[in-house]
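So the structure is just underneath, and the comments pick up after that.
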Amino acid sequence: MALDQIFSGANEDFPALLRRQGILGGALTSFEKSAASIEPQQGRWAPTESTTILAFKFAGGVLVAGDRRATSGHTVVYDRADKVLEIDRHSIMAIAGVPATAWEMARVLEHSFQYFRRTQLQEMSVEGKVRALSKLLRDNFGFVMQGVGMVVPIFATYDQTSEPAARLYFYDAMGAQFEAADYAATGSGSPAVRGILYYENTWGEKPLQKREEDEAVTIALRALDTAAESDTATGGVDRSGKIFPVIKTVSRDGITTLPEQKTAAIFKKAVA
Amino acid sequence: MIEEPYRWVEAIANRREYIETQLASGSPIAAVGYCDGILVLTLGRGRQKIFEIYNRIALGAIGHPGDIERLRMAAIELASTEGFTRSSADVSLRRLAHYSLSPLMKAAFEQVYGPPYLARLLFAEVGARPEEDLFLRVEYDGAIATNGATLSQLRQDFAVLSANRQSTELMESFLKSSPLTNAPLESAINFALNAWSLGHMTGGHNGAKEMPEPAAIGKHLQEQLTTAGIEAAVLEREVKTAIRYRALTDDEVRSSIQQ
């Protein structure tokens with residue numbers, strides 16, 4: 001541990017601290033596709049990618065779900081990837097895109113929030129947290145233009161002091177943030193998921209925000225199963241391997257990860 | 001001055017005296033182990049004195065606010081970058097204090113043309129088991145005192161920080177005389193409050209030189225509690241989340257006080 005003599009706390013965020021110490025790479029400023037850049041295409045190198053994630057508000061807060069598959073081109077690399085990540089006690093980030101970049105972003109984000117709280121002696125605001133992720137995406141855009149490292153996340157948080165308390169955001173690869181009123185989905189399987197969530201929210205028994213947890217889980221599992229039906233990059237449910245999507249909810253009491261047995265039981269009852 | 005060793009020694013001695021005078025009015029801080037972790041406690045009227053450094057590390061400090069702030073920032077930066085590049089399990093108070101803060105404070109203290117740090121620091125780190133709890137005090141000259149968790153000496157599950165050496169020693173002997181074993185938080189709060197009261201009575205320029213009577217300690221505490229706020233935090237051993245530090249509110253602590 002080398003000690004840095006520049007004490008900065010008040011005017012520097014955590015990514016800037018990491019850059020000053022040479023731990024985090026700087027933002028790529030050249031957005032041009034060069035001949036030397038790696039073209040991800042069939043038969044050549046392709047980055048590992050992951051899809052599909054969805055989130056919607058329900059009676060208890062926000063539910064965030066993601067399938068478990070990671071692919072590279074047409075190859076399934078991993079079937080137990082966790083794309084729904086806890087950032088702090090009340091924030092969840094879900095990722096579609098390149099896990100290498102996304103997991104690093106999640107780590108930076110997690111430490112950023114804690115670093116802010118510890119140095120400034122106050123919790124970062126929801127707007128500040130949403131913006132922090134936006135900045136990380138913006139800094140990553142050079143890699144996106146080179147054809148590697150695209151990340152399209154969803155960010156869900158619960159803040160009692162704000163109105164509404166349950167907040168849900170999705171982003172594009174450049175870092176634009178969009179606040180979702182009811183639901184969000186990203187990744188290659190998301191068109192199907194969006195269709196289902198729109199349908200359920202508009203013409204279903206009741207709007208998504210009025211659904212209890214079990215109903216919400218049923219909708220999430222059905223949506224992911226539908227996405228997996230037509231999208232090879234989405235894992236859905238592996239019945240033989242007993243691999244189920246990761247489902248987390250964030251509410252006033254913090255984040256809860258749905259136990260696998262419960263997911264399996266609801267799946268058996270309402271989906272399979 | 002470098003060519004004249006005598007003047008350097010004299011300058012250091014003056015500087016030590018100056019710093020001791022500056023720190024003499026500080027409110028003591030007590031850290032004690034209890035059944036579920038570590039309690040850090042002090043009474044104060046002004047600014048915050050107990051801080052979260054990392055998931056399992058707490059800091060209590062007396063001294064100049066500006067210097068405390070710089071040292072606190074340095075500690076958080078070091079712990080955060082270590083926790084980010086490796087893992088939060090690799091963040092260790094022993095390394096933080098011995099390899100980083102102590103050399104920094106010693107260098108500042110001995111470079112007589114530059115300003116020293118006007119601060120005393122008390123760190124506590126909660127381990128997986130009570131035997132692994134670490135209590136550590138770093139002085140303005142970089143000297144470190146630990147509870148013996150890293151050396152072959154008798155372990156103590158407490159540490160104190162006070163305005164002067166005599167007050168510190170009296171607080172330590174008070175805590176040593178009736179050790180808590182596996183006590184609930186409530187007992188630890190009362191124990192720490194009494195230790196604070198003793199430290200407060202014996203610190204300062206006109207502090208008592210001898211160990212006061214228990215009744216006097218209690219009386220002094222009651223008087224102080226009417227005007228001062230209680231600042232306290234715990235490091236909890238058995239919680240599900242990575243962050244073990246939790247600040248206690250004044251009400252939370254007051255409701256545990258036994259008359």
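We name chains A, B, ... following the order of the structure tokens; residues begin at 1 in each chain, and ligands are numbered from 1 as shown.
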Would you list the contacts of B:Ser177 as a ChimeraX atom specification, taking every protein, DNA or RNA residue within 12 Å and counting only C-alpha atoms, but skipping same-chain residues closer than 5 positions in sequence? /B:156,158,170-172,191,195
Write out as a ChimeraX atom specification the set of residues from stretch 37-167 of chain A that DSSP, computed on the backbone, places in strand (DSSP E or B). /A:48-50,53-58,61-66,70-72,75-78,84-88,91-97,151-158,166-167
Only C-alpha atoms, please: the residues just picked out, written as a PDB file, in the first residue's frame.
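Resulting contents of selection_39.pdb:
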ATOM      1  CA  THR A  48     -18.448 -13.006 -24.276  1.00  0.00           C
ATOM      2  CA  GLU A  49     -21.879 -11.446 -23.974  1.00  0.00           C
ATOM      3  CA  SER A  50     -24.909 -11.916 -21.832  1.00  0.00           C
ATOM      4  CA  ILE A  53     -32.504  -8.748 -18.176  1.00  0.00           C
ATOM      5  CA  LEU A  54     -35.757  -7.187 -17.075  1.00  0.00           C
ATOM      6  CA  ALA A  55     -37.088  -5.144 -14.187  1.00  0.00           C
ATOM      7  CA  PHE A  56     -40.471  -3.774 -13.185  1.00  0.00           C
ATOM      8  CA  LYS A  57     -42.112  -2.120 -10.244  1.00  0.00           C
ATOM      9  CA  PHE A  58     -44.507  -4.256  -8.218  1.00  0.00           C
ATOM     10  CA  GLY A  61     -40.807  -2.317  -4.677  1.00  0.00           C
ATOM     11  CA  VAL A  62     -38.807  -3.244  -7.777  1.00  0.00           C
ATOM     12  CA  LEU A  63     -38.215  -6.744  -9.097  1.00  0.00           C
ATOM     13  CA  VAL A  64     -35.099  -7.365 -11.192  1.00  0.00           C
ATOM     14  CA  ALA A  65     -34.537 -10.635 -13.042  1.00  0.00           C
ATOM     15  CA  GLY A  66     -31.908 -11.976 -15.424  1.00  0.00           C
ATOM     16  CA  ALA A  70     -23.237 -16.029 -21.293  1.00  0.00           C
ATOM     17  CA  THR A  71     -22.436 -16.508 -24.979  1.00  0.00           C
ATOM     18  CA  SER A  72     -19.573 -15.803 -27.368  1.00  0.00           C
ATOM     19  CA  THR A  75     -21.105 -20.685 -28.305  1.00  0.00           C
ATOM     20  CA  VAL A  76     -22.593 -20.919 -24.845  1.00  0.00           C
ATOM     21  CA  VAL A  77     -19.699 -20.013 -22.574  1.00  0.00           C
ATOM     22  CA  TYR A  78     -21.379 -20.241 -19.193  1.00  0.00           C
ATOM     23  CA  VAL A  84     -28.247  -9.160 -11.319  1.00  0.00           C
ATOM     24  CA  LEU A  85     -25.752  -7.517  -8.995  1.00  0.00           C
ATOM     25  CA  GLU A  86     -26.177  -5.857  -5.609  1.00  0.00           C
ATOM     26  CA  ILE A  87     -24.436  -2.495  -5.504  1.00  0.00           C
ATOM     27  CA  ASP A  88     -25.438  -1.371  -2.022  1.00  0.00           C
ATOM     28  CA  SER A  91     -29.441  -0.585  -5.258  1.00  0.00           C
ATOM     29  CA  ILE A  92     -29.368  -3.288  -7.884  1.00  0.00           C
ATOM     30  CA  MET A  93     -27.588  -3.146 -11.238  1.00  0.00           C
ATOM     31  CA  ALA A  94     -28.520  -5.707 -13.890  1.00  0.00           C
ATOM     32  CA  ILE A  95     -26.343  -6.141 -16.959  1.00  0.00           C
ATOM     33  CA  ALA A  96     -26.756  -7.071 -20.585  1.00  0.00           C
ATOM     34  CA  GLY A  97     -23.642  -6.964 -22.724  1.00  0.00           C
ATOM     35  CA  VAL A 151     -22.831  -2.752 -21.729  1.00  0.00           C
ATOM     36  CA  VAL A 152     -26.512  -1.853 -21.477  1.00  0.00           C
ATOM     37  CA  PRO A 153     -27.529  -1.927 -17.815  1.00  0.00           C
ATOM     38  CA  ILE A 154     -30.662  -1.459 -15.751  1.00  0.00           C
ATOM     39  CA  PHE A 155     -30.432   0.275 -12.385  1.00  0.00           C
ATOM     40  CA  ALA A 156     -33.081  -0.176  -9.694  1.00  0.00           C
ATOM     41  CA  THR A 157     -33.090   1.476  -6.307  1.00  0.00           C
ATOM     42  CA  TYR A 158     -35.398   2.177  -3.398  1.00  0.00           C
ATOM     43  CA  ALA A 166     -39.097   2.758  -6.019  1.00  0.00           C
ATOM     44  CA  ARG A 167     -36.948   4.025  -8.898  1.00  0.00           C
TER      45      ARG A 167
END
Could the residues of chain B within 7 Å of chain A, counting only C-alpha atoms, be given as an NGL selection string, please? :B and (52-53 or 70 or 73-74 or 78 or 80 or 84 or 100)
Next, dump the selected residues to file, keeping only C-alpha atoms, as a PDB file, in the first residue's frame.
ATOM      1  CA  GLU B  52     -16.227   4.518   9.301  1.00  0.00           C
ATOM      2  CA  ILE B  53     -13.008   3.714   7.433  1.00  0.00           C
ATOM      3  CA  ARG B  70      -6.415  14.495   6.119  1.00  0.00           C
ATOM      4  CA  MET B  73      -9.109  10.623   3.942  1.00  0.00           C
ATOM      5  CA  ALA B  74      -5.746   8.907   3.562  1.00  0.00           C
ATOM      6  CA  LEU B  78      -5.893   3.300   1.041  1.00  0.00           C
ATOM      7  CA  SER B  80     -10.878   1.583  -0.660  1.00  0.00           C
ATOM      8  CA  PHE B  84     -11.217  -2.553  -5.007  1.00  0.00           C
ATOM      9  CA  SER B 100       1.173   3.649   5.763  1.00  0.00           C
TER      10      SER B 100
END
As an NGL selection string, which residues of stretch 67-232 of chain A does DSSP assign to alpha helix (DSSP H)? :A and (99-120 or 126-139 or 141-145 or 190-203 or 213-230)
Tell me which of B:Tyr54, B:Glu186, B:Arg244, B:His64 sits closest to B:Ser25, counting only C-alpha atoms.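 Looking at the shortest contact to B:Ser25, the residue is B:His64.
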For atom CA of B:Gly142 and atom CA of B:Met105, the interatomic separation in Å (one decimal):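 These atoms are spaced 4.9 Å apart.
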Separation of atom CA of A:Gly189 from atom CA of A:Arg222, in Å and rounded to one decimal: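 A separation of 12.7 Å between them.
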Could you jot down the atom CA of B:Leu136 to atom CA of B:Phe123 separation for me, Å, one decimal place? 5.1 Å
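Of the residues under consideration (A:Ser240, A:Thr52, A:Thr101, A:Ser251), A:Ser251 shows the shortest atom-to-atom contact distance to A:Gln160 when counting only C-alpha atoms.
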